[in-house]
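Asks: This is run.cif (mmCIF, C-alpha atoms).
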data_work
loop_
_atom_site.group_PDB
_atom_site.id
_atom_site.type_symbol
_atom_site.label_atom_id
_atom_site.label_comp_id
_atom_site.auth_asym_id
_atom_site.auth_seq_id
_atom_site.Cartn_x
_atom_site.Cartn_y
_atom_site.Cartn_z
ATOM 1 C CA MET A 1 -6.988 -44.075 66.943
ATOM 2 C CA ASP A 2 -10.361 -45.450 65.851
ATOM 3 C CA ARG A 3 -12.368 -43.237 63.530
ATOM 4 C CA VAL A 4 -16.101 -43.541 63.941
ATOM 5 C CA PRO A 5 -17.813 -44.148 60.573
ATOM 6 C CA ILE A 6 -20.581 -41.792 59.471
ATOM 7 C CA LEU A 7 -23.348 -43.338 57.340
ATOM 8 C CA SER A 8 -25.771 -41.548 55.065
ATOM 9 C CA LEU A 9 -29.461 -42.413 55.349
ATOM 10 C CA GLY A 10 -31.510 -40.203 53.036
ATOM 11 C CA ASP A 11 -30.829 -36.689 54.283
ATOM 12 C CA VAL A 12 -29.830 -37.937 57.716
ATOM 13 C CA LEU A 13 -26.316 -38.778 58.855
ATOM 14 C CA LEU A 14 -26.124 -41.810 61.116
ATOM 15 C CA VAL A 15 -23.317 -42.315 63.599
ATOM 16 C CA SER A 16 -23.337 -45.604 65.430
ATOM 17 C CA ILE A 17 -20.702 -45.733 68.137
ATOM 18 C CA GLN A 18 -19.498 -49.315 68.487
ATOM 19 C CA VAL A 19 -16.094 -48.874 70.098
ATOM 20 C CA ASP A 20 -14.770 -47.692 73.417
ATOM 21 C CA LEU A 21 -14.038 -44.101 72.434
ATOM 22 C CA GLN A 22 -10.816 -42.381 73.338
ATOM 23 C CA ASP A 23 -10.778 -38.606 73.525
ATOM 24 C CA GLU A 24 -8.942 -38.115 70.226
ATOM 25 C CA SER A 25 -11.596 -40.142 68.385
ATOM 26 C CA VAL A 26 -14.291 -37.992 69.984
ATOM 27 C CA VAL A 27 -12.666 -34.803 68.718
ATOM 28 C CA ALA A 28 -12.143 -36.342 65.263
ATOM 29 C CA LEU A 29 -15.816 -37.314 65.104
ATOM 30 C CA GLN A 30 -16.899 -33.737 65.778
ATOM 31 C CA GLU A 31 -14.744 -32.462 62.938
ATOM 32 C CA ASP A 32 -15.744 -35.247 60.529
ATOM 33 C CA LEU A 33 -19.418 -34.637 61.246
ATOM 34 C CA ALA A 34 -19.221 -30.894 60.660
ATOM 35 C CA GLU A 35 -17.611 -31.546 57.296
ATOM 36 C CA ARG A 36 -20.123 -34.200 56.319
ATOM 37 C CA ILE A 37 -23.102 -32.014 57.266
ATOM 38 C CA VAL A 38 -21.851 -29.242 55.005
ATOM 39 C CA ASP A 39 -20.878 -31.584 52.156
ATOM 40 C CA SER A 40 -24.131 -33.525 52.178
ATOM 41 C CA GLY A 41 -26.544 -30.775 53.224
ATOM 42 C CA ALA A 42 -28.008 -33.226 55.729
ATOM 43 C CA SER A 43 -30.944 -31.967 57.776
ATOM 44 C CA GLY A 44 -30.396 -34.305 60.682
ATOM 45 C CA VAL A 45 -27.813 -36.302 62.607
ATOM 46 C CA VAL A 46 -28.584 -39.404 64.644
ATOM 47 C CA ILE A 47 -25.989 -40.619 67.141
ATOM 48 C CA ASP A 48 -26.738 -44.174 68.212
ATOM 49 C CA ILE A 49 -25.163 -44.963 71.598
ATOM 50 C CA SER A 50 -27.010 -48.220 72.315
ATOM 51 C CA ALA A 51 -23.662 -50.057 72.311
ATOM 52 C CA VAL A 52 -21.945 -47.478 74.523
ATOM 53 C CA GLU A 53 -21.283 -48.672 78.056
ATOM 54 C CA ILE A 54 -20.234 -45.398 79.609
ATOM 55 C CA VAL A 55 -20.653 -41.720 78.850
ATOM 56 C CA ASP A 56 -18.264 -39.592 80.855
ATOM 57 C CA SER A 57 -18.066 -35.804 80.904
ATOM 58 C CA PHE A 58 -15.865 -35.676 77.807
ATOM 59 C CA ILE A 59 -18.174 -37.817 75.678
ATOM 60 C CA GLY A 60 -21.211 -36.023 77.111
ATOM 61 C CA ARG A 61 -19.714 -32.725 76.114
ATOM 62 C CA MET A 62 -19.228 -34.069 72.593
ATOM 63 C CA PHE A 63 -22.984 -34.603 72.302
ATOM 64 C CA ALA A 64 -23.637 -31.009 73.353
ATOM 65 C CA THR A 65 -20.969 -29.713 70.983
ATOM 66 C CA ILE A 66 -22.290 -31.723 68.041
ATOM 67 C CA ALA A 67 -25.824 -30.580 68.832
ATOM 68 C CA SER A 68 -24.911 -26.892 68.737
ATOM 69 C CA LEU A 69 -22.556 -27.363 65.825
ATOM 70 C CA SER A 70 -25.232 -29.048 63.728
ATOM 71 C CA LYS A 71 -27.749 -26.363 64.678
ATOM 72 C CA VAL A 72 -25.417 -23.690 63.335
ATOM 73 C CA LEU A 73 -25.169 -25.746 60.145
ATOM 74 C CA ASP A 74 -28.968 -26.016 59.894
ATOM 75 C CA ALA A 75 -29.252 -29.634 61.001
ATOM 76 C CA GLU A 76 -30.782 -31.228 64.076
ATOM 77 C CA THR A 77 -29.018 -33.837 66.233
ATOM 78 C CA VAL A 78 -30.732 -36.624 68.138
ATOM 79 C CA VAL A 79 -28.888 -38.971 70.508
ATOM 80 C CA VAL A 80 -30.625 -42.352 70.626
ATOM 81 C CA GLY A 81 -30.397 -45.613 72.534
ATOM 82 C CA MET A 82 -28.968 -44.490 75.858
ATOM 83 C CA ARG A 83 -28.792 -47.400 78.289
ATOM 84 C CA PRO A 84 -30.584 -46.944 81.629
ATOM 85 C CA ALA A 85 -27.356 -47.391 83.636
ATOM 86 C CA VAL A 86 -25.689 -44.732 81.491
ATOM 87 C CA ALA A 87 -28.589 -42.319 82.065
ATOM 88 C CA ILE A 88 -28.450 -42.826 85.849
ATOM 89 C CA THR A 89 -24.694 -42.307 85.882
ATOM 90 C CA LEU A 90 -24.850 -39.179 83.709
ATOM 91 C CA VAL A 91 -27.357 -37.506 85.984
ATOM 92 C CA GLU A 92 -25.349 -38.367 89.098
ATOM 93 C CA LEU A 93 -22.176 -37.145 87.457
ATOM 94 C CA GLY A 94 -23.912 -33.810 86.981
ATOM 95 C CA LEU A 95 -24.209 -33.729 83.207
ATOM 96 C CA SER A 96 -27.564 -32.441 82.081
ATOM 97 C CA LEU A 97 -26.927 -32.651 78.315
ATOM 98 C CA GLN A 98 -28.693 -29.343 77.880
ATOM 99 C CA GLY A 99 -29.683 -28.617 74.329
ATOM 100 C CA VAL A 100 -29.263 -32.240 73.325
ATOM 101 C CA ARG A 101 -32.345 -33.911 71.941
ATOM 102 C CA THR A 102 -32.679 -37.601 72.815
ATOM 103 C CA ALA A 103 -34.933 -40.475 71.748
ATOM 104 C CA LEU A 104 -35.227 -43.987 73.139
ATOM 105 C CA ASP A 105 -34.255 -45.756 69.936
ATOM 106 C CA LEU A 106 -33.234 -45.226 66.330
ATOM 107 C CA GLU A 107 -36.781 -45.448 64.989
ATOM 108 C CA ARG A 108 -38.080 -42.769 67.340
ATOM 109 C CA GLY A 109 -35.045 -40.632 66.658
ATOM 110 C CA LEU A 110 -35.647 -40.727 62.920
ATOM 111 C CA ALA A 111 -39.345 -39.999 63.481
ATOM 112 C CA ALA A 112 -38.443 -36.943 65.580
ATOM 113 C CA LEU A 113 -36.235 -35.649 62.768
ATOM 114 C CA ARG A 114 -39.004 -36.227 60.202
ATOM 115 C CA ARG A 115 -41.481 -34.306 62.374
ATOM 116 C CA ARG A 116 -39.036 -31.463 62.757
ATOM 117 C CA ARG A 117 -38.482 -31.312 59.015
ATOM 118 C CA ALA A 118 -42.222 -31.342 58.305
ATOM 119 C CA GLU A 119 -42.787 -28.514 60.796
ATOM 120 C CA ARG A 120 -40.079 -26.468 59.190
ATOM 121 C CA GLU A 121 -41.571 -26.900 55.739
ATOM 122 C CA LEU A 122 -45.064 -26.059 56.932
ATOM 123 C CA ARG A 123 -44.129 -22.778 58.556
ATOM 124 C CA PRO A 124 -42.340 -20.621 56.003
ATOM 125 C CA ALA A 125 -44.110 -17.550 57.473
ATOM 126 C CA GLU A 126 -41.831 -17.720 60.514
ATOM 127 C CA ASP A 127 -38.956 -16.611 58.364
ATOM 128 C CA PRO A 128 -39.185 -12.888 57.434
ATOM 129 C CA ASP A 129 -38.354 -13.819 53.883
ATOM 130 C CA GLY A 130 -39.668 -17.310 53.564
ATOM 131 C CA SER A 131 -38.430 -17.788 50.054
ATOM 132 C CA ASP A 132 -35.803 -20.366 51.029
ATOM 133 C CA GLU A 133 -38.335 -22.617 52.701
ATOM 134 C CA ALA A 134 -40.785 -22.224 49.864
ATOM 135 C CA VAL A 135 -38.196 -23.518 47.481
ATOM 136 C CA GLU A 136 -37.190 -26.274 49.860
ATOM 137 C CA ALA A 137 -40.761 -27.440 50.279
ATOM 138 C CA VAL A 138 -41.033 -28.377 46.651
ATOM 139 C CA GLU A 139 -39.884 -31.930 46.214
ATOM 140 C CA THR A 140 -37.433 -31.982 43.359
ATOM 141 C CA PRO A 141 -38.158 -35.019 41.225
ATOM 142 C CA ALA A 142 -35.150 -37.053 40.232
ATOM 143 C CA ALA A 143 -33.812 -35.652 37.005
ATOM 144 C CA THR A 144 -32.751 -38.972 35.592
ATOM 145 C CA GLY A 145 -35.490 -40.842 33.814
ATOM 146 C CA ASP A 146 -34.733 -44.361 35.058
ATOM 147 C CA MET B 147 -5.575 -66.870 89.014
ATOM 148 C CA PRO B 148 -5.756 -63.275 87.826
ATOM 149 C CA LYS B 149 -3.083 -60.851 88.912
ATOM 150 C CA PRO B 150 -3.772 -59.376 92.356
ATOM 151 C CA VAL B 151 -3.344 -55.831 91.069
ATOM 152 C CA ASP B 152 -3.588 -54.451 87.531
ATOM 153 C CA GLU B 153 -1.008 -51.751 87.130
ATOM 154 C CA LEU B 154 -1.587 -49.556 84.107
ATOM 155 C CA PRO B 155 0.468 -46.614 82.905
ATOM 156 C CA ILE B 156 -1.479 -43.531 81.826
ATOM 157 C CA THR B 157 0.444 -41.622 79.179
ATOM 158 C CA THR B 158 -1.967 -41.516 76.205
ATOM 159 C CA GLY B 159 -5.665 -41.407 75.421
ATOM 160 C CA ASP B 160 -5.518 -45.107 74.592
ATOM 161 C CA ASP B 161 -4.324 -45.767 78.140
ATOM 162 C CA VAL B 162 -7.470 -44.110 79.495
ATOM 163 C CA VAL B 163 -9.506 -46.612 77.474
ATOM 164 C CA ARG B 164 -7.378 -49.476 78.848
ATOM 165 C CA VAL B 165 -8.017 -48.296 82.415
ATOM 166 C CA ARG B 166 -11.757 -48.323 81.724
ATOM 167 C CA GLN B 167 -11.474 -51.884 80.391
ATOM 168 C CA ALA B 168 -9.468 -53.091 83.395
ATOM 169 C CA VAL B 169 -11.992 -51.569 85.806
ATOM 170 C CA ARG B 170 -14.857 -53.074 83.814
ATOM 171 C CA ALA B 171 -13.293 -56.561 84.024
ATOM 172 C CA ARG B 172 -12.761 -56.278 87.785
ATOM 173 C CA ALA B 173 -16.210 -54.817 88.421
ATOM 174 C CA GLY B 174 -17.854 -57.606 86.446
ATOM 175 C CA ALA B 175 -15.841 -60.299 88.244
ATOM 176 C CA ALA B 176 -16.694 -58.755 91.631
ATOM 177 C CA GLN B 177 -20.356 -58.896 90.597
ATOM 178 C CA LEU B 178 -21.155 -55.259 91.073
ATOM 179 C CA SER B 179 -24.611 -54.435 89.712
ATOM 180 C CA LEU B 180 -24.725 -53.090 86.174
ATOM 181 C CA VAL B 181 -25.476 -49.563 87.395
ATOM 182 C CA ASP B 182 -22.644 -49.704 89.937
ATOM 183 C CA GLN B 183 -20.266 -51.047 87.297
ATOM 184 C CA THR B 184 -21.228 -48.188 84.994
ATOM 185 C CA LYS B 185 -20.727 -45.617 87.764
ATOM 186 C CA LEU B 186 -17.318 -46.986 88.715
ATOM 187 C CA ILE B 187 -16.075 -47.205 85.121
ATOM 188 C CA THR B 188 -17.281 -43.655 84.468
ATOM 189 C CA ALA B 189 -15.528 -42.363 87.607
ATOM 190 C CA ALA B 190 -12.346 -44.219 86.577
ATOM 191 C CA SER B 191 -12.543 -42.645 83.140
ATOM 192 C CA GLU B 192 -12.763 -39.137 84.632
ATOM 193 C CA LEU B 193 -9.900 -39.779 87.044
ATOM 194 C CA ALA B 194 -7.660 -41.398 84.432
ATOM 195 C CA ARG B 195 -8.207 -38.372 82.196
ATOM 196 C CA ASN B 196 -7.352 -36.058 85.102
ATOM 197 C CA THR B 197 -4.130 -38.013 85.633
ATOM 198 C CA LEU B 198 -3.245 -37.513 81.979
ATOM 199 C CA VAL B 199 -4.387 -33.916 81.520
ATOM 200 C CA HIS B 200 -3.467 -32.368 84.870
ATOM 201 C CA GLY B 201 -0.767 -34.734 86.082
ATOM 202 C CA GLY B 202 0.936 -35.045 82.701
ATOM 203 C CA SER B 203 1.042 -38.811 83.109
ATOM 204 C CA GLY B 204 0.764 -41.349 85.883
ATOM 205 C CA VAL B 205 -0.366 -44.793 86.812
ATOM 206 C CA ALA B 206 -3.614 -46.552 87.721
ATOM 207 C CA ARG B 207 -3.756 -49.539 90.066
ATOM 208 C CA VAL B 208 -6.933 -51.580 90.016
ATOM 209 C CA GLU B 209 -7.682 -54.400 92.436
ATOM 210 C CA THR B 210 -10.466 -56.407 93.972
ATOM 211 C CA VAL B 211 -10.836 -55.837 97.716
ATOM 212 C CA GLU B 212 -12.853 -57.401 100.499
ATOM 213 C CA ARG B 213 -14.153 -55.997 103.772
ATOM 214 C CA GLN B 214 -16.602 -57.631 106.170
ATOM 215 C CA GLY B 215 -17.760 -60.127 103.625
ATOM 216 C CA ARG B 216 -18.377 -57.509 100.943
ATOM 217 C CA ARG B 217 -16.437 -57.373 97.773
ATOM 218 C CA GLY B 218 -15.433 -54.229 96.040
ATOM 219 C CA VAL B 219 -13.203 -52.783 93.392
ATOM 220 C CA LYS B 220 -10.538 -50.272 94.288
ATOM 221 C CA ALA B 221 -8.816 -47.997 91.797
ATOM 222 C CA VAL B 222 -5.889 -45.746 92.680
ATOM 223 C CA PHE B 223 -4.699 -42.980 90.358
ATOM 224 C CA THR B 224 -1.281 -41.487 90.990
ATOM 225 C CA ASP B 225 0.538 -38.715 89.194
ATOM 226 C CA HIS B 226 3.612 -36.631 89.906
ATOM 227 C CA GLY B 227 2.192 -33.480 88.414
ATOM 228 C CA PRO B 228 1.821 -30.023 89.959
ATOM 229 C CA GLY B 229 -0.667 -31.121 92.649
ATOM 230 C CA ILE B 230 -3.852 -29.314 93.568
ATOM 231 C CA VAL B 231 -3.574 -25.961 95.321
ATOM 232 C CA ASP B 232 -7.187 -25.622 96.455
ATOM 233 C CA VAL B 233 -8.776 -29.042 96.997
ATOM 234 C CA GLU B 234 -12.168 -27.648 98.030
ATOM 235 C CA LYS B 235 -12.352 -25.626 94.855
ATOM 236 C CA ALA B 236 -11.166 -28.550 92.711
ATOM 237 C CA LEU B 237 -14.030 -30.656 94.040
ATOM 238 C CA THR B 238 -16.610 -27.995 93.209
ATOM 239 C CA ASP B 239 -18.747 -28.697 90.151
ATOM 240 C CA GLY B 240 -17.949 -26.381 87.303
ATOM 241 C CA TYR B 241 -14.518 -25.390 88.559
ATOM 242 C CA THR B 242 -11.819 -26.144 86.038
ATOM 243 C CA THR B 243 -8.250 -25.111 85.393
ATOM 244 C CA GLY B 244 -8.318 -26.758 81.984
ATOM 245 C CA THR B 245 -10.802 -26.716 79.171
ATOM 246 C CA GLY B 246 -13.087 -29.379 80.644
ATOM 247 C CA LEU B 247 -16.448 -29.073 82.322
ATOM 248 C CA GLY B 248 -15.058 -29.249 85.838
ATOM 249 C CA LEU B 249 -17.139 -32.307 86.663
ATOM 250 C CA GLY B 250 -14.281 -34.809 86.850
ATOM 251 C CA LEU B 251 -13.380 -34.757 90.528
ATOM 252 C CA GLY B 252 -16.654 -33.769 92.172
ATOM 253 C CA GLY B 253 -18.650 -35.893 89.759
ATOM 254 C CA SER B 254 -16.567 -39.010 90.234
ATOM 255 C CA ARG B 255 -16.748 -38.594 94.013
ATOM 256 C CA ARG B 256 -20.538 -38.866 93.753
ATOM 257 C CA LEU B 257 -20.300 -42.034 91.667
ATOM 258 C CA VAL B 258 -18.285 -44.116 94.159
ATOM 259 C CA ASP B 259 -18.644 -45.282 97.776
ATOM 260 C CA GLU B 260 -15.226 -44.180 98.990
ATOM 261 C CA PHE B 261 -13.130 -41.329 97.687
ATOM 262 C CA VAL B 262 -9.799 -40.199 99.078
ATOM 263 C CA LEU B 263 -7.783 -37.393 97.559
ATOM 264 C CA GLU B 264 -4.174 -36.806 98.618
ATOM 265 C CA THR B 265 -2.237 -34.033 97.023
ATOM 266 C CA ALA B 266 0.867 -31.966 97.612
ATOM 267 C CA VAL B 267 1.719 -28.924 95.548
ATOM 268 C CA GLY B 268 4.741 -29.647 93.386
ATOM 269 C CA GLU B 269 4.697 -33.346 94.197
ATOM 270 C CA GLY B 270 1.571 -34.835 92.720
ATOM 271 C CA THR B 271 -1.861 -36.217 93.397
ATOM 272 C CA THR B 272 -3.281 -39.594 94.354
ATOM 273 C CA VAL B 273 -6.986 -40.338 94.168
ATOM 274 C CA THR B 274 -8.339 -43.595 95.606
ATOM 275 C CA VAL B 275 -11.881 -44.768 94.913
ATOM 276 C CA ILE B 276 -13.792 -47.885 95.955
ATOM 277 C CA LYS B 277 -17.164 -49.217 94.918
ATOM 278 C CA TRP B 278 -18.693 -52.004 97.062
ATOM 279 C CA THR B 279 -21.202 -54.693 96.195
ATOM 280 C CA ARG B 280 -24.592 -54.186 97.866
#
If you convert what's in this file into structure tokens, what do you get?

Replies:
Amino acid sequence: MDRVPILSLGDVLLVSIQVDLQDESVVALQEDLAERIVDSGASGVVIDISAVEIVDSFIGRMFATIASLSKVLDAETVVVGMRPAVAITLVELGLSLQGVRTALDLERGLAALRRRRAERELRPAEDPDGSDEAVEAVETPAATGD
Amino acid sequence: MPKPVDELPITTGDDVVRVRQAVRARAGAAQLSLVDQTKLITAASELARNTLVHGGSGVARVETVERQGRRGVKAVFTDHGPGIVDVEKALTDGYTTGTGLGLGLGGSRRLVDEFVLETAVGEGTTVTVIKWTR
């Protein structure tokens, strides 16, 4: 079974799917990602599927699962790079990918996550006790003096 | 000359991937458009998974076919599982006996040009799909 590598990019986790995924790898990726989000405290997940030739109902469901999973763990997921033929096929298959945020490419996906983070930091009042956000909004300077 | 028919066992998740690859090779050689290739491979992926999950195991046969000057790719999925009791229901979007989304059968029917489902309770299920060049 191929395990999909998860890369760290600032406070974003990047998953670039480069292999023809079998179902077991899909399930493993969900579990690996949940663990990595918690361990790293990442605020966002980008899943790059620009190399993926087909998305069937099982893989499509993975995107939805990862999206809700990351939301529960206080991170946002963006699926980027979907090929036009894949999009057409998904819609015809009947998968709407509800709740899954998408962007055309990696750059736009990262920008969407940055915007989301900025919005969150700007609106601490939304939270009844906004103390968490207030603390988060302060950029902690690196402690080491190099 | 390539083999006239690719015959692939479906007993593991890796086999489902191999079925996708065999269908992709045939669809490319038959010069289906990229969108049609993608639709056929996706349908084959759903059906191969059905063979594994619902049929227990089975076999896929993939071949290039020709009719009235048009080329196409045919894929046949056969299992000797429990069969389908209510075919109408099984083809309805959202209906599932497993843990899936229930899009496999109905969804893959929409993705291909021809779709034939033969099933007998207690004996098994055979699904035949064809996608033609335009």

Asks: In Å, rounded to a single decimal, give me how far atom CA of B:Ile276 is from atom CA of B:Arg213.

Replies: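 Spanning atom CA of B:Arg213 to atom CA of B:Ile276 is a straight-line distance of 11.3 Å.
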
Asks: Residues picked by the PyMOL selection byres ((chain B) within 6 of (chain A)) here, as a PDB file with C-alpha atoms, keeping the file's coordinate frame?

Replies:
ATOM      1  CA  GLY B 159      -5.665 -41.407  75.421  1.00  0.00           C
ATOM      2  CA  VAL B 181     -25.476 -49.563  87.395  1.00  0.00           C
ATOM      3  CA  LYS B 185     -20.727 -45.617  87.764  1.00  0.00           C
ATOM      4  CA  THR B 188     -17.281 -43.655  84.468  1.00  0.00           C
ATOM      5  CA  GLY B 253     -18.650 -35.893  89.759  1.00  0.00           C
TER       6      GLY B 253
END

Asks: Could you give me, as a ChimeraX atom specification, the residues within 9 Å of B:Phe223, counting only C-alpha atoms and dropping anything in the same chain fewer than 2 positions from it?

Replies: /B:190,193-194,197,204-208,221,225,271-275

Asks: Restricting the calculation to only C-alpha atoms, which member of B:Arg256, B:Arg170, B:Arg216, B:His226 is positioned closest to B:Ser203?

Replies: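 Checking each candidate against B:Ser203, we get B:His226 as the closest.
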
Asks: Can you pull out the residues contacting A:Gln30? Cut-off 8 Å, using all atoms listed in the file, and skip same-chain residues under 6 positions away; I want them as a PDB file with C-alpha atoms, keeping the file's coordinate frame.

Replies:
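Written file, part.pdb:
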ATOM      1  CA  MET A  62     -19.228 -34.069  72.593  1.00  0.00           C
ATOM      2  CA  THR A  65     -20.969 -29.713  70.983  1.00  0.00           C
ATOM      3  CA  ILE A  66     -22.290 -31.723  68.041  1.00  0.00           C
TER       4      ILE A  66
END
